[in-house]
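**Q** Sending over entry_26.tsv (TSV, C-alpha atoms and all ligand atoms).
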```tsv
chain	number	residue	atom	x	y	z
A	1	MET	CA	-15.23	-11.80	6.42
A	2	LYS	CA	-16.65	-9.53	3.74
A	3	VAL	CA	-14.17	-9.14	0.90
A	4	VAL	CA	-14.22	-6.35	-1.68
A	5	PHE	CA	-12.62	-7.19	-5.02
A	6	SER	CA	-12.61	-5.91	-8.59
A	7	PRO	CA	-11.46	-7.85	-11.66
A	8	GLU	CA	-10.45	-4.48	-13.12
A	9	HIS	CA	-7.08	-4.96	-11.40
A	10	ALA	CA	-6.03	-7.16	-14.35
A	11	ARG	CA	-6.00	-4.12	-16.66
A	12	HIS	CA	-2.69	-3.18	-15.01
A	13	GLU	CA	-0.09	-5.62	-16.24
A	14	PRO	CA	3.36	-4.13	-15.62
A	15	GLN	CA	6.29	-5.61	-17.50
A	16	PHE	CA	9.34	-3.54	-16.62
A	17	PHE	CA	11.27	-3.87	-13.35
A	18	LEU	CA	14.84	-2.64	-13.08
A	19	VAL	CA	16.93	-4.77	-10.72
A	20	ARG	CA	20.56	-3.80	-10.15
A	21	GLY	CA	20.75	-2.32	-13.62
A	22	GLN	CA	19.00	-5.24	-15.30
A	23	PRO	CA	15.48	-5.13	-16.78
A	24	LYS	CA	13.51	-8.05	-15.32
A	25	PRO	CA	9.82	-9.07	-15.38
A	26	SER	CA	7.79	-7.15	-12.78
A	27	ALA	CA	6.98	-9.02	-9.58
A	28	GLU	CA	3.65	-7.16	-9.29
A	29	GLN	CA	1.62	-9.47	-11.52
A	30	PRO	CA	-2.18	-9.86	-11.89
A	31	GLU	CA	-1.77	-13.47	-10.76
A	32	ARG	CA	-1.11	-12.20	-7.24
A	33	ALA	CA	-4.67	-10.92	-6.89
A	34	GLU	CA	-6.12	-13.93	-8.68
A	35	ARG	CA	-4.51	-16.29	-6.17
A	36	LEU	CA	-5.70	-14.22	-3.21
A	37	HIS	CA	-9.18	-14.03	-4.73
A	38	ALA	CA	-9.24	-17.80	-5.20
A	39	ALA	CA	-8.21	-18.28	-1.57
A	40	VAL	CA	-10.98	-16.15	-0.09
A	41	SER	CA	-13.48	-17.74	-2.49
A	42	ALA	CA	-12.42	-21.19	-1.28
A	43	ARG	CA	-12.87	-20.01	2.32
A	44	GLY	CA	-16.46	-19.08	1.53
A	45	ASP	CA	-15.95	-15.39	2.27
A	46	GLN	CA	-18.65	-13.08	0.97
A	47	LEU	CA	-17.33	-11.29	-2.10
A	48	LEU	CA	-18.55	-7.80	-2.96
A	49	ALA	CA	-17.88	-5.56	-5.94
A	50	PRO	CA	-16.73	-2.01	-5.19
A	51	ALA	CA	-19.42	0.64	-5.10
A	52	GLY	CA	-19.18	3.33	-7.76
A	53	LEU	CA	-17.98	6.12	-5.48
A	54	GLY	CA	-16.72	8.45	-8.20
A	55	PRO	CA	-13.52	10.49	-8.05
A	56	GLY	CA	-14.22	11.89	-4.56
A	57	PRO	CA	-12.31	9.38	-2.41
A	58	ARG	CA	-9.11	9.53	-4.49
A	59	ALA	CA	-9.35	13.33	-4.83
A	60	ALA	CA	-9.47	13.59	-1.03
A	61	ILE	CA	-5.88	12.26	-0.90
A	62	HIS	CA	-4.24	12.97	-4.25
A	63	THR	CA	-3.52	16.31	-5.95
A	64	PRO	CA	-5.39	17.49	-9.08
A	65	ASP	CA	-2.13	17.65	-11.10
A	66	TYR	CA	-1.25	14.08	-10.22
A	67	LEU	CA	-4.70	12.66	-10.95
A	68	ARG	CA	-4.76	14.51	-14.28
A	69	PHE	CA	-1.31	13.09	-15.08
A	70	LEU	CA	-2.39	9.52	-14.33
A	71	GLU	CA	-5.51	9.92	-16.45
A	72	GLU	CA	-3.83	11.56	-19.45
A	73	ALA	CA	-0.39	10.00	-19.36
A	74	TRP	CA	-0.91	6.98	-21.54
A	75	ASP	CA	-2.50	8.85	-24.45
A	76	ALA	CA	0.10	11.62	-24.27
A	77	TRP	CA	2.93	9.06	-24.18
A	78	GLN	CA	1.56	7.26	-27.22
A	79	ALA	CA	1.18	10.55	-29.08
A	80	LEU	CA	4.93	11.15	-28.73
A	81	GLY	CA	5.62	8.44	-31.28
A	82	ASP	CA	8.64	6.18	-30.89
A	83	SER	CA	7.69	5.65	-27.23
A	84	GLY	CA	7.93	2.41	-25.26
A	85	GLY	CA	5.06	0.15	-24.25
A	86	GLU	CA	5.02	1.57	-20.71
A	87	ILE	CA	5.69	4.99	-19.23
A	88	ILE	CA	8.96	4.90	-17.32
A	89	ALA	CA	10.50	8.20	-16.24
A	90	ASN	CA	14.06	8.92	-17.32
A	91	VAL	CA	14.51	12.33	-15.69
A	92	HIS	CA	13.61	13.56	-12.19
A	93	PRO	CA	13.68	17.06	-10.70
A	94	ALA	CA	15.43	18.12	-7.54
A	95	ARG	CA	12.03	19.30	-6.34
A	96	GLY	CA	13.13	22.14	-4.08
A	97	HIS	CA	13.42	24.82	-6.76
A	98	ALA	CA	11.81	23.03	-9.69
A	99	SER	CA	8.82	24.11	-11.79
A	100	TYR	CA	6.05	21.86	-13.02
A	101	PRO	CA	6.63	20.91	-16.69
A	102	ARG	CA	4.21	20.61	-19.60
A	103	ALA	CA	5.78	17.71	-21.56
A	104	ILE	CA	4.65	14.21	-20.63
A	105	VAL	CA	8.24	13.00	-20.19
A	106	GLY	CA	8.82	15.78	-17.65
A	107	ARG	CA	5.51	15.19	-15.89
A	108	ALA	CA	6.38	11.50	-15.61
A	109	GLY	CA	9.62	12.42	-13.88
A	110	TRP	CA	7.79	14.79	-11.54
A	111	HIS	CA	5.18	12.23	-10.53
A	112	MET	CA	7.19	8.97	-10.47
A	113	ALA	CA	9.63	8.28	-7.65
A	114	ASP	CA	11.39	5.36	-9.34
A	115	THR	CA	11.26	2.92	-12.27
A	116	ALA	CA	9.07	0.40	-10.42
A	117	CYS	CA	5.76	2.05	-11.32
A	118	PRO	CA	5.46	1.72	-15.12
A	119	ILE	CA	2.19	3.02	-16.52
A	120	GLY	CA	0.45	1.04	-19.25
A	121	PRO	CA	-2.86	1.52	-21.06
A	122	GLY	CA	-5.00	0.10	-18.23
A	123	THR	CA	-3.05	1.36	-15.23
A	124	PHE	CA	-5.27	4.32	-14.34
A	125	ALA	CA	-8.44	2.24	-14.56
A	126	ALA	CA	-6.95	-0.50	-12.40
A	127	ALA	CA	-5.63	1.97	-9.83
A	128	CYS	CA	-9.02	3.69	-9.63
A	129	ALA	CA	-10.69	0.30	-9.14
A	130	ALA	CA	-8.27	-0.53	-6.31
A	131	ALA	CA	-9.00	2.82	-4.67
A	132	ASP	CA	-12.72	2.10	-4.96
A	133	VAL	CA	-12.18	-1.34	-3.42
A	134	ALA	CA	-10.50	0.28	-0.41
A	135	ALA	CA	-13.09	3.06	-0.13
A	136	THR	CA	-15.91	0.50	-0.32
A	137	GLY	CA	-14.23	-1.47	2.45
A	138	ALA	CA	-14.23	1.69	4.55
A	139	GLU	CA	-17.92	2.19	3.78
A	140	LEU	CA	-18.64	-1.31	5.12
A	141	LEU	CA	-17.07	-0.29	8.43
A	142	LEU	CA	-19.02	2.98	8.42
A	143	ASP	CA	-22.17	0.89	7.95
A	144	GLY	CA	-21.37	-1.09	11.09
A	145	GLU	CA	-19.18	-4.02	10.02
A	146	ARG	CA	-16.45	-4.76	12.56
A	147	GLN	CA	-14.00	-5.88	9.88
A	148	ALA	CA	-13.59	-6.23	6.13
A	149	TYR	CA	-10.86	-7.11	3.65
A	150	ALA	CA	-10.16	-4.87	0.65
A	151	LEU	CA	-8.36	-7.04	-1.90
A	152	CYS	CA	-6.59	-4.17	-3.64
A	153	ARG	CA	-4.29	-4.38	-6.63
A	154	PRO	CA	-2.20	-2.48	-7.60
A	155	PRO	CA	-1.03	-1.82	-4.04
A	156	GLY	CA	-0.88	1.70	-2.65
A	157	HIS	CA	1.39	2.40	0.31
A	158	HIS	CA	4.36	3.80	-1.66
A	159	ALA	CA	2.12	6.35	-3.42
A	160	TYR	CA	2.33	9.93	-2.13
A	161	ALA	CA	-0.28	12.62	-2.67
A	162	ASP	CA	1.37	13.50	-5.99
A	163	MET	CA	3.82	10.70	-6.75
A	164	ALA	CA	3.76	7.03	-7.77
A	165	GLY	CA	6.50	4.60	-6.75
A	166	GLY	CA	7.25	1.00	-5.90
A	167	PHE	CA	4.34	-0.62	-7.83
A	168	CYS	CA	1.88	1.92	-6.31
A	169	PHE	CA	-0.22	4.69	-7.92
A	170	LEU	CA	-3.13	5.59	-5.63
A	171	ASN	CA	-2.75	5.14	-1.88
A	172	ASN	CA	-5.60	2.75	-1.10
A	173	ALA	CA	-5.00	2.60	2.67
A	174	ALA	CA	-4.81	6.40	2.93
A	175	ILE	CA	-8.01	6.75	0.91
A	176	ALA	CA	-9.76	4.29	3.24
A	177	ALA	CA	-8.47	6.06	6.35
A	178	GLN	CA	-9.74	9.40	5.04
A	179	GLN	CA	-13.17	7.85	4.41
A	180	LEU	CA	-13.21	6.52	7.98
A	181	ARG	CA	-12.50	10.01	9.30
A	182	ARG	CA	-16.11	10.87	8.44
A	183	ALA	CA	-17.21	8.90	11.48
A	184	HIS	CA	-14.09	8.82	13.64
A	185	GLN	CA	-12.05	11.69	15.07
A	186	ARG	CA	-8.92	9.55	14.98
A	187	VAL	CA	-7.95	6.71	12.63
A	188	ALA	CA	-4.76	4.64	12.83
A	189	ILE	CA	-2.94	2.92	9.96
A	190	LEU	CA	-0.74	-0.04	10.84
A	191	ASP	CA	1.52	-1.09	7.94
A	192	VAL	CA	2.91	-4.63	8.20
A	193	ASP	CA	4.30	-4.87	4.64
A	194	VAL	CA	8.03	-5.69	4.49
A	195	HIS	CA	8.61	-2.27	2.91
A	196	HIS	CA	8.13	1.00	4.76
A	197	GLY	CA	4.82	2.68	3.92
A	198	ASN	CA	6.54	5.86	2.79
A	199	GLY	CA	3.68	7.20	0.71
A	200	THR	CA	1.20	6.78	3.55
A	201	GLN	CA	3.63	8.44	5.94
A	202	GLY	CA	4.04	11.31	3.47
A	203	VAL	CA	0.29	11.83	3.07
A	204	PHE	CA	-0.35	12.18	6.80
A	205	TYR	CA	3.03	13.47	8.00
A	206	GLU	CA	1.71	16.81	9.20
A	207	ARG	CA	-1.63	15.59	10.53
A	208	ALA	CA	-2.57	14.61	14.06
A	209	ASP	CA	-5.86	12.91	13.17
A	210	VAL	CA	-4.38	9.89	11.35
A	211	LEU	CA	-1.65	7.97	13.15
A	212	THR	CA	0.74	6.11	10.84
A	213	VAL	CA	2.75	3.16	12.17
A	214	SER	CA	4.98	0.96	10.01
A	215	LEU	CA	7.01	-2.19	10.76
A	216	HIS	CA	9.46	-2.94	7.97
A	217	ALA	CA	12.94	-3.97	6.98
A	218	ASP	CA	15.56	-1.36	7.87
A	219	PRO	CA	15.54	1.19	5.03
A	220	ARG	CA	19.27	1.78	5.37
A	221	ASP	CA	19.54	-1.58	3.61
A	222	PHE	CA	16.25	-1.95	1.73
A	223	TYR	CA	13.63	-0.16	-0.39
A	224	PRO	CA	12.40	2.60	-0.03
A	225	PHE	CA	15.87	3.54	1.37
A	226	PHE	CA	15.21	7.26	1.93
A	227	TRP	CA	12.29	6.97	4.34
A	228	GLY	CA	11.24	4.71	7.19
A	229	HIS	CA	13.81	5.60	9.81
A	230	GLU	CA	12.99	5.91	13.51
A	231	SER	CA	13.82	9.61	13.49
A	232	GLU	CA	10.83	10.37	11.20
A	233	ARG	CA	8.13	11.16	13.76
A	234	GLY	CA	5.89	13.61	11.89
A	235	ALA	CA	6.08	17.38	11.56
A	236	GLY	CA	4.05	20.41	12.63
A	237	ALA	CA	0.68	19.36	14.00
A	238	GLY	CA	1.63	15.78	13.07
A	239	LEU	CA	4.73	15.62	15.24
A	240	GLY	CA	4.51	12.45	17.30
A	241	TYR	CA	1.87	10.86	15.05
A	242	ASN	CA	4.20	8.80	12.86
A	243	LEU	CA	6.04	5.77	14.23
A	244	ASN	CA	8.60	3.76	12.27
A	245	LEU	CA	9.85	0.44	13.59
A	246	PRO	CA	12.65	-0.63	11.24
A	247	LEU	CA	13.81	-4.21	11.77
A	248	PRO	CA	17.11	-5.87	10.85
A	249	ILE	CA	17.17	-7.90	7.64
A	250	GLY	CA	16.22	-11.50	8.47
A	251	THR	CA	14.01	-10.70	11.50
A	252	GLY	CA	11.68	-13.65	12.26
A	253	ASP	CA	8.30	-14.12	13.93
A	254	ASP	CA	9.25	-13.69	17.60
A	255	ASP	CA	11.23	-10.49	17.25
A	256	TRP	CA	8.71	-9.08	14.77
A	257	LEU	CA	5.90	-9.67	17.29
A	258	VAL	CA	7.90	-7.88	20.00
A	259	ALA	CA	8.05	-4.82	17.74
A	260	LEU	CA	4.32	-5.18	17.11
A	261	GLU	CA	3.68	-4.77	20.85
A	262	GLN	CA	5.53	-1.46	20.68
A	263	ALA	CA	3.28	-0.44	17.79
A	264	PHE	CA	0.21	-1.42	19.83
A	265	ALA	CA	1.28	0.74	22.79
A	266	THR	CA	1.32	3.77	20.48
A	267	ILE	CA	-1.98	2.83	18.84
A	268	ARG	CA	-3.72	2.28	22.20
A	269	ALA	CA	-2.47	5.62	23.50
A	270	PHE	CA	-3.86	7.30	20.35
A	271	ALA	CA	-7.28	5.65	20.97
A	272	PRO	CA	-8.43	5.55	17.33
A	273	GLY	CA	-12.03	4.86	16.38
A	274	ALA	CA	-10.93	2.53	13.57
A	275	LEU	CA	-7.83	0.78	12.27
A	276	VAL	CA	-6.60	0.31	8.71
A	277	VAL	CA	-4.07	-2.50	8.30
A	278	ALA	CA	-1.80	-2.12	5.26
A	279	LEU	CA	-1.55	-5.87	4.82
A	280	GLY	CA	1.57	-6.75	2.90
A	281	LEU	CA	2.45	-10.43	2.92
A	282	ASP	CA	5.99	-9.88	1.62
A	283	ALA	CA	7.62	-10.12	5.05
A	284	PHE	CA	7.32	-13.86	4.36
A	285	GLU	CA	10.54	-15.84	4.59
A	286	GLY	CA	10.07	-17.16	1.05
A	287	ASP	CA	8.81	-14.03	-0.68
A	288	PRO	CA	10.62	-13.17	-3.94
A	289	LEU	CA	11.31	-9.67	-2.52
A	290	LYS	CA	12.02	-10.98	0.95
A	291	ALA	CA	14.01	-9.15	3.57
A	292	LEU	CA	12.37	-10.49	6.74
A	293	ALA	CA	11.55	-14.07	7.74
A	294	ILE	CA	7.90	-14.32	8.83
A	295	THR	CA	6.59	-17.89	8.56
A	296	THR	CA	3.14	-18.97	7.39
A	297	PRO	CA	2.04	-19.72	11.01
A	298	GLY	CA	3.63	-16.39	11.97
A	299	PHE	CA	1.00	-14.57	9.90
A	300	ALA	CA	-1.73	-16.17	12.04
A	301	ARG	CA	-0.01	-14.87	15.17
A	302	ILE	CA	0.17	-11.39	13.64
A	303	GLY	CA	-3.49	-11.51	12.60
A	304	GLY	CA	-4.57	-12.68	16.04
A	305	ALA	CA	-2.60	-9.99	17.82
A	306	ILE	CA	-4.08	-7.25	15.62
A	307	ALA	CA	-7.61	-8.58	16.17
A	308	ARG	CA	-7.17	-8.42	19.93
A	309	LEU	CA	-6.78	-4.64	19.71
A	310	GLY	CA	-10.57	-4.83	19.48
A	311	LEU	CA	-10.94	-2.05	16.89
A	312	PRO	CA	-13.14	-1.89	13.81
A	313	THR	CA	-10.54	-2.98	11.28
A	314	LEU	CA	-10.18	-2.71	7.52
A	315	LEU	CA	-7.53	-4.96	6.00
A	316	VAL	CA	-6.11	-3.44	2.80
A	317	GLN	CA	-3.96	-5.65	0.60
A	318	GLU	CA	-0.51	-4.27	-0.16
A	319	GLY	CA	2.50	-6.37	-1.28
A	320	GLY	CA	3.19	-10.10	-1.21
A	321	TYR	CA	4.56	-11.72	-4.35
A	322	LEU	CA	4.38	-15.00	-6.20
A	323	ALA	CA	5.80	-17.46	-3.70
A	324	PRO	CA	3.93	-20.79	-3.71
A	325	GLU	CA	2.68	-19.95	-0.18
A	326	LEU	CA	1.24	-16.50	-1.03
A	327	ALA	CA	-2.40	-17.54	-0.63
A	328	ASP	CA	-1.59	-19.74	2.39
A	329	ASN	CA	-0.14	-16.70	4.11
A	330	LEU	CA	-3.32	-14.70	3.53
A	331	VAL	CA	-5.48	-17.55	4.82
A	332	SER	CA	-3.22	-17.94	7.85
A	333	PHE	CA	-3.51	-14.21	8.62
A	334	LEU	CA	-7.30	-14.23	8.21
A	335	GLU	CA	-7.75	-17.33	10.37
A	336	GLY	CA	-5.54	-15.84	13.06
A	337	PHE	CA	-7.44	-12.56	12.85
A	338	GLU	CA	-10.85	-14.21	13.12
A	339	GLY	CA	-9.62	-16.39	15.98
A	340	GLY	CA	-8.54	-13.27	17.86
A	341	ARG	CA	-11.94	-11.58	17.57
B	1	ZN	ZN	6.13	-4.51	0.05
```
Please rewrite the model in this file as structure tokens.

**A**
Amino acid sequence: MKVVFSPEHARHEPQFFLVRGQPKPSAEQPERAERLHAAVSARGDQLLAPAGLGPGPRAAIHTPDYLRFLEEAWDAWQALGDSGGEIIANVHPARGHASYPRAIVGRAGWHMADTACPIGPGTFAAACAAADVAATGAELLLDGERQAYALCRPPGHHAYADMAGGFCFLNNAAIAAQQLRRAHQRVAILDVDVHHGNGTQGVFYERADVLTVSLHADPRDFYPFFWGHESERGAGAGLGYNLNLPLPIGTGDDDWLVALEQAFATIRAFAPGALVVALGLDAFEGDPLKALAITTPGFARIGGAIARLGLPTLLVQEGGYLAPELADNLVSFLEGFEGGR
């Protein structure tokens, strides 16, 4: 397996995480990527640095206002004086009849869905590196590889075209899918993270050329709460090209894999030229943010099943937090995937 990785991820080191009204240390730590990197290194996977692809891939998904905000935000926040060590929005618009503000505090509220995406001095650089990792993974597939793993951090699937949220800033999987569209009329994204891929859904909601499918804990009870329901099927030209499979809290391997078969039926009917897997490992039974109960051997079953779709496949790292088994779960998935090829 070719693995794309950038040490630039470590420039994003979030501290703040608000849990039930209490500030806690963020779960989205650089150590996550370091452990996953160590695991693929120990497997003997071929490690590649991201190609310098410039701003094009991220600009193909994200709006100019949002990218400008991410780039300028830290300096503008510091210039306020008496500002905290990370940008955390404290005001949000009801977007329907709102106007775009000039002040950095207002722009933060416009572009940040929640308090789980604090921006520090190295956040933009790290997010751009993660986007490049994903785009480079897509380039490997375009060059003829049947599979590759983009070890992205920070993750991306909660990021909309113009909004950060849930540890995510740039939508790595969406960026990769858009790159793959250069060679394929249709691309599918399968999101197996425990959280609904709301940003990815939002990016492609009105498009028929990128199918978005997500298996996740029922959002009536779990983040991102407002999106991820079965009734969200796409809109306009995209109607019918978004599938949500919410699962009850505590769902284990067998029932999860039944839902995966339902996802596969939709993907096969769509007949994509390539598949992007938004590979969260936080559906693990022991994950700090757990809601589902996938076991370590369960990840091998999931990987094997996805491989048997027989599609050129880019694996894009999403969530999965600092449980002792984090790296074991990645290795289990990869071994299952390779065994299914
Ligand atoms: Zn997640």

**Q** Residues of region 257-326 of chain A within 12 Å of region 125-132 of chain A: nearest atom pair and distance (Å, one decimal) for each, counting only C-alpha atoms, sorted by chain and number, as JSON lines?

**A**
```
{"residue": "A:Val316", "atom": "CA", "partner": "A:Ala130", "partner_atom": "CA", "distance": 9.8}
{"residue": "A:Gln317", "atom": "CA", "partner": "A:Ala130", "partner_atom": "CA", "distance": 9.6}
{"residue": "A:Glu318", "atom": "CA", "partner": "A:Ala130", "partner_atom": "CA", "distance": 10.6}
```

**Q** Hey, can you pull every residue with an atom no more than 6 Å from (3.1, 15.8, 11.3), using all atoms listed in the file, and send it as a list in words?

**A** Tyr205, Glu206, Arg207, Gly234, Ala235, Gly236, Ala237, Gly238 and Leu239 of chain A

**Q** What is the distance between CA of Ala173 (chain A) and CA of Tyr149 (chain A), in Å to one decimal?

**A** 11.4 Å

**Q** Using only C-alpha atoms and all ligand atoms, pick whichever of A:Arg186, A:Arg220, A:His158, A:Arg268 has the shortest atom-to-atom distance to ligand ZN 1 (chain B).

**A** A:His158

**Q** Residues within 7 Å of region 3-17 of chain A, please, as a ChimeraX atom specification. Count only C-alpha atoms; anything in the same chain fewer than 3 positions from it doesn't count.

**A** /A:23-26,29-30,45-50,115-116,118,120,122-123,126,129-130,133,137,148-154

**Q** Tell me, counting only C-alpha atoms, for each residue of region 68-168 of chain A within 7 Å of region 179-183 of chain A, which pair of atoms is nearest and how far apart they are in Å to one decimal, in rows ordered by chain and increasing number, as JSON lines.

**A**
```
{"residue": "A:Ala135", "atom": "CA", "partner": "A:Gln179", "partner_atom": "CA", "distance": 6.6}
{"residue": "A:Ala138", "atom": "CA", "partner": "A:Leu180", "partner_atom": "CA", "distance": 6.0}
{"residue": "A:Leu142", "atom": "CA", "partner": "A:Leu180", "partner_atom": "CA", "distance": 6.8}
```

**Q** Rank A:Ala38, A:Cys168, A:Val192, A:Ala27 by their smallest atom-to-atom distance to Ala323 (chain A), using only C-alpha atoms, and report the top residue only.

**A**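 Counting only C-alpha atoms, the residue closest to Ala323 (chain A) is A:Ala27.
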
**Q** Go through A:Leu315, A:Ile88, A:Ile306, A:Ala259 one by one, measure the shortest atom-to-atom distance of each to Ile104 (chain A) using all atoms listed in the file, and give the residue with the smallest value.

**A**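 Closest candidate: A:Ile88.
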
**Q** Using only C-alpha atoms for the distances, tell me which of A:Leu53, A:Val258, A:Val277, A:Leu330 is nearest to Thr296 (chain A).

**A**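 With only C-alpha atoms as the atom set, the closest residue is A:Leu330.
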
**Q** Using all atoms listed in the file, which residue out of A:Pro246, A:Gly240, A:Gly197, A:Gly304 lies closest to ligand ZN 1 (chain B)?

**A** A:Gly197

**Q** Using only C-alpha atoms, which residue out of A:Leu247, A:Val187, A:Met112, A:Met1 lies closest to Leu170 (chain A)?

**A**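 Of A:Leu247, A:Val187, A:Met112, A:Met1, the one nearest Leu170 (chain A) is A:Met112, counting only C-alpha atoms.
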
**Q** Hey, which residues come within 9 Å of ligand ZN 1 (chain B) if we count all atoms listed in the file? Could you give them as JSON, numbers by chain?

**A** {"A": [155, 157, 158, 166, 167, 192, 193, 194, 195, 196, 197, 216, 223, 280, 281, 282, 283, 289, 290, 318, 319, 320, 321]}

**Q** Build an axis-aligned box that encloses every atom of region 206-215 of chain A listed in the file, pad it by 4 Å on each side, and report its centre and edge lengths in Å to one decimal, as AutoDock Vina command-line options.

**A**
```
--center_x 0.6 --center_y 7.3 --center_z 11.6 --size_x 20.9 --size_y 27.0 --size_z 12.9
```

**Q** So how far away is CA of Ala60 (chain A) from CA of Pro121 (chain A), in Å?

**A** 24.3 Å

**Q** Kindly give the distance, in Å, that separates CA of His111 (chain A) and CA of Arg20 (chain A), rounded to a single decimal.

**A**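 We find that CA of His111 (chain A) and CA of Arg20 (chain A) lie 22.2 Å from each other.
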
**Q** Would you pick out the contacts of Ala307 (chain A) at 7 Å or less, using only C-alpha atoms, so that residues sharing its chain but fewer than 5 positions from it are not included, and give the list as a short mmCIF file (atom, residue, chain, number, x, y, z; two decimals) with C-alpha atoms, keeping the file's coordinate frame?

**A**
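Once everything was written out, this is result_16.cif:
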```cif
data_model
loop_
_atom_site.label_atom_id
_atom_site.label_comp_id
_atom_site.auth_asym_id
_atom_site.auth_seq_id
_atom_site.Cartn_x
_atom_site.Cartn_y
_atom_site.Cartn_z
CA PHE A 337 -7.44 -12.56 12.85
CA GLY A 340 -8.54 -13.27 17.86
CA ARG A 341 -11.94 -11.58 17.57
#
```
